[in-house]
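Novice: One structure is given below, represented as structure tokens, and several questions about it will come after.
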Amino acid sequence: MLGGSVLWFRHGLRLHDNPSLHDAIEDRSAPFFPIFIFDGETAGTKLVGYNRMRYLLEALDDLDTQFKKHGGRLFMIKGKPTDIIRRLWEEFGIRKLCFEQDCEPVWRARDDSVKAACREIGVTCREHVSHTLWEPGTVIRANGGIPPLTYQMFLHTVATIGDPPRPVPNPELCGVQFGFLPECFHEEFTVFDKTPKPEDLGVFLENEDIRMIRWVGGETTALKQMEQRLAVEYQTFCRGSYLPTHGNPDLLGPPISLSPALRFGCLSVRRFYWSVQDLFHKVHQGRLAATHFITGQLIWREYFYTMSVNNPNYGQMAGNPICLDIPWKNPEGDELQRWIEGRTGFPFVDAAMRQLRTEGWLHHAVRNTVASFLTRGTLWLSWEHGLNHFLKYLLDADWSVCAGNWMWVSSSAFEALLDSGDCACPVRLGQRLDPSGEYVRRYVSELGRMPVQYIYEPWKAPIDVQERADCVIGKNYPAPVVNHLVAAQKNRNAMNKLKRSIHGRLQRDKWLMIVGELRNILQKAPPHCCPSSEEEIRQFMWLNEENQHAHNTA
């Protein structure tokens with residue numbers, strides 16, 4: 001068989017709402033080759049822990065299973081994309097390569113090299129937008145050629161563009177002629193006969209506990225989870241509310257977040273967005289207009305993608321035009337390692353960091369707590385340390401979204417211009433979100449017998465209480481890495497000093513920010529990105545009126 005098309009899976013690990021798949025199987029008389037290439041970076045595999053790799057492989061196995069029902073398979077190959085695609089052309093004369101757009105600049109070199117190779121051999125490249133609601137380049141053009149500098153500006157811009165496209169229909173695979181690789185491919189490349197294990201790709205268990213795994217990758221599971229989530233949303237809409245987990249997050253319940261599935265593209269963001277919007281209209285029968293609030297986290301995802309698309313330094317401080325040059329200190333002693341390993345001596349922070357390593361997951365409210373603790377809240381260390389750790393271990397860590405969150409919480413970008421003196425208190429917020437201490441007991445076994453009144457401040461327990469609980473501070477569980485109250489006040493003072501010094505100062509000779517006159521200098525240089533209102537800050541930081549007091553004091 002000569003000719004044919006290739007569907008190159010990267011993100012977008014699904015069959016539903018996959019315009020690239022529709023394009024690839026358009027000609028039913030030509031062979032079809034669905035492939036995934038292990039190139040050491042695609043789908044976030046450059047920096048990857050066991051749980052992330054396991055989730056990815058489960059998603060690939062689910063695709064392979066679905067293709068096998070129709071007489072085909074997903075070819076999982078280890079090698080360079082340009083080499084593999086060139087060999088497919090040499091062997092079969094493939095005419096078309098289809099793939100979903102990866103809009104982040106970290107993928108640009110990979111995609112440019114593949115496009116250049118395809119031009120050289122005469123293979124048509126077809127790139128489709130389906131990982132985002134709106135194509136980021138379209139948003140930037142609609143905003144006059146620059147990214148919207150605030151979330152409200154982003155909402156205004158996409159409103160001028162119009163609603164995002166609805167999902168494309170499910171594909172019909174009956175009658176598709178699946179191609180098969182000749183023996184020479186198995187000799188030249190590593191072609192996996194079955195879905196590999198993380199160990200086959202050099203990724204091994206560290207501190208992960210496979211008994212604690214609660215997240216399963218793949219489109220089949222993702223679609224079931226979405227239906228369960230929609231049932232929760234339905235009850236919430238019927239009560240006249242929205243964002244069911246926002247005010248009182250459940251730290252101990254079963255997984256209900258769809259963010260890992262969205263990150264790997266096991267679930268279409270357009271499918272979920274329109275399912276929620278349509279459900280809202282159905283419940284209220286047009287009496288209430290749907291707002292972006294009901295899908296707010298999806299819109300933030302779009303905003304961060306758009307802000308990163310033309311900024312290759314978005315994930316770091318150096319050369320990043322939207323990031324403040326805050327003088328973070330270098331790690332002293334083992335403080336960074338204690339944060340990474342969940343040994344800070346602050347039980348709520350330690351429970352979160354151990355959950356991250358064990359399960360690959362953290363609730364958004366808890367992420368803000370540990371991020372604040374690492375940066376402006378307590379340790380005064382750069383957000384770059386946190387970003388790299390999250391990118392390796394967090395299932396839904398997405399370069400653009402994860403970096404955007406870290407810059408926000410650390411007051412480096414997107415947040416008000418160093419106005420956020422408030423930061424998550426590692427004691428009070430834990431008491432607010434988990435008053436029984438069960439979250440801490442689940443992940444910090446040393447504190448399993450500590451009385452609830454001391455569970456978040458075990459250093460305050462009398463020594464006889466510590467001994468009865470088999471948890472002597474400094475022996476069975478570490479003492480606090482720092483005095484939080486002292487550190488928090490010191491950091492607030494540093495932020496205020498930095499805020500004053502920024503007045504009239506050039507930041508890296510790239511842009512000028514004058515406190516109190518930002519709106520007057522928009523035409524001169526890109527200003528610091530900041531929120532549009534206090535309500536926006538509360539939405540982003542998962543704060544309601546009840547738990548706001550859990551910030552800033554201990």
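Going by the structure tokens order, chains are called A, B, ..., each with residues numbered from 1, while ligands are numbered from 1 in the order shown.
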Taking 5 positions as the minimum chain separation for residues in the same chain, which residues sit within 10 Å of Asp334 of chain A when counting only C-alpha atoms? Answer as a compact mmCIF listing (two decimals) with C-alpha atoms, in the first residue's frame.

Specialist:
# COMPACT_ATOMS: atom_id res chain seq x y z
CA TRP A 339 9.82 21.59 51.39
CA ILE A 340 10.18 19.09 48.53
CA ARG A 343 9.54 17.81 56.21
CA THR A 344 9.02 21.52 56.93
CA VAL A 481 11.96 24.93 59.48

Novice: Can you tell me, as an NGL selection string, what residues are no more than 7 Å from segment 443-446 of chain A when counting only C-alpha atoms, ignoring any on the same chain fewer than 3 positions away?

Specialist: :A and (351 or 354-355 or 439-440 or 471 or 476-477)

Novice: Name the closest residue to Glu199 of chain A among the candidates A:Phe304, A:Tyr50, A:Tyr242, A:Tyr234; distances are taken between atoms, counting only C-alpha atoms.

Specialist: A:Tyr50

Novice: Check the smallest atom-to-atom distance from each of A:Asp209, A:Asp396, A:Glu335, A:Asp163 to Leu258 of chain A using only C-alpha atoms, then report the winner.

Specialist: A:Asp396

Novice: Of the candidates A:Ser259, A:Asn496, A:Ser411, A:Thr306, which shows the shortest atom-to-atom distance to Thr150 of chain A, using only C-alpha atoms?

Specialist: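 Closest candidate: A:Thr306.
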
Novice: In Å, how far is it from atom CA of Glu219 of chain A to atom CA of Phe67 of chain A?

Specialist: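 Going from atom CA of Glu219 of chain A over to atom CA of Phe67 of chain A covers 12.5 Å.
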
Novice: Per DSSP on the backbone, filter segment 151-349 of chain A down to the residues in helix (DSSP H, G or I) and report them as a count of residues only.

Specialist: 93

Novice: Of the residues A:Ile299, A:Arg28, A:Ile213, A:Asp398, which is the one nearest to His156 of chain A, using only C-alpha atoms?

Specialist: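 Checking each candidate against His156 of chain A, we get A:Ile299 as the closest.
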
Novice: Name all residues at most 9 Å from Thr220 of chain A (count only C-alpha atoms; drop same-chain ones fewer than 2 positions away) and give them as a list in words.

Specialist: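 With the cut-off at 9 Å, the set is Arg14, Ala59, Asp62, Leu63, Gly217, Gly218, Ala222, Leu223, Lys224, Gln225 and Cys266 of chain A.
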
Novice: Emit the selected residues as a PDB file, in the first residue's frame, including C-alpha atoms.

Specialist:
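Result written to again-v6.pdb:
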ATOM      1  CA  ARG A  14      -8.571  10.935  22.552  1.00  0.00           C
ATOM      2  CA  ALA A  59      -3.958   7.116  28.135  1.00  0.00           C
ATOM      3  CA  ASP A  62      -6.698   3.263  26.134  1.00  0.00           C
ATOM      4  CA  LEU A  63      -6.208   4.638  22.615  1.00  0.00           C
ATOM      5  CA  GLY A 217      -5.469   7.926  32.607  1.00  0.00           C
ATOM      6  CA  GLY A 218      -7.307   7.547  29.334  1.00  0.00           C
ATOM      7  CA  ALA A 222     -12.167  10.735  31.439  1.00  0.00           C
ATOM      8  CA  LEU A 223     -15.579  10.638  29.745  1.00  0.00           C
ATOM      9  CA  LYS A 224     -17.050   8.715  32.692  1.00  0.00           C
ATOM     10  CA  GLN A 225     -15.543  11.242  35.109  1.00  0.00           C
ATOM     11  CA  CYS A 266      -7.958  12.645  27.195  1.00  0.00           C
TER      12      CYS A 266
END

Novice: What is the atom CA of Pro165 of chain A-atom CA of Leu57 of chain A distance in Å, reported with one decimal?

Specialist: 29.1 Å

Novice: What lies within 12 Å of segment 271-286 of chain A using only C-alpha atoms, ignoring chain neighbours under 4 positions off, as a PyMOL selection string?

Specialist: chain A and resi 14-18+130-134+163-170+222-243+257-259+261-262+265-267+290-299+301-302

Novice: Return the single residue from A:Phe346, A:Phe178, A:Phe373, A:Trp380 that is closest to Pro458 of chain A, with distances computed using only C-alpha atoms.

Specialist: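 Going through A:Phe346, A:Phe178, A:Phe373, A:Trp380 one by one, the smallest distance to Pro458 of chain A is for A:Phe346.
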
Novice: Report, in Å with one decimal, the straight-line distance from atom CA of Met317 of chain A to atom CA of Arg110 of chain A.

Specialist: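 Between these atoms lies a distance of 23.3 Å.
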
Novice: From the options A:Pro327, A:Gly122, A:Gly315, A:Pro451, which residue's atoms come nearest to His385 of chain A, counting only C-alpha atoms?

Specialist: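 Among the listed residues, the smallest separation from His385 of chain A belongs to A:Gly315.
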
Novice: With only C-alpha atoms as the counted atoms, please give the residues lying no more than 9 Å from Val176 of chain A, apart from itself and same-chain residues fewer than 5 positions off, as a PyMOL selection string.

Specialist: chain A and resi 25+27-32+70-72

Novice: Would you mind listing what lies within 12 Å of Lys197 of chain A as an NGL selection string, with only C-alpha atoms counted and same-chain residues fewer than 6 positions away left out?

Specialist: :A and (50-58 or 60-61 or 203-205)

Novice: Fewer than 2 positions away in the same chain doesn't count, so skip those; otherwise give me all residues within 10 Å of segment 103-105 of chain A, counting only C-alpha atoms, as an MDAnalysis selection string.

Specialist: chainID A and resid 100:101 107:111 129 131:132 135:137 305:314 398:400
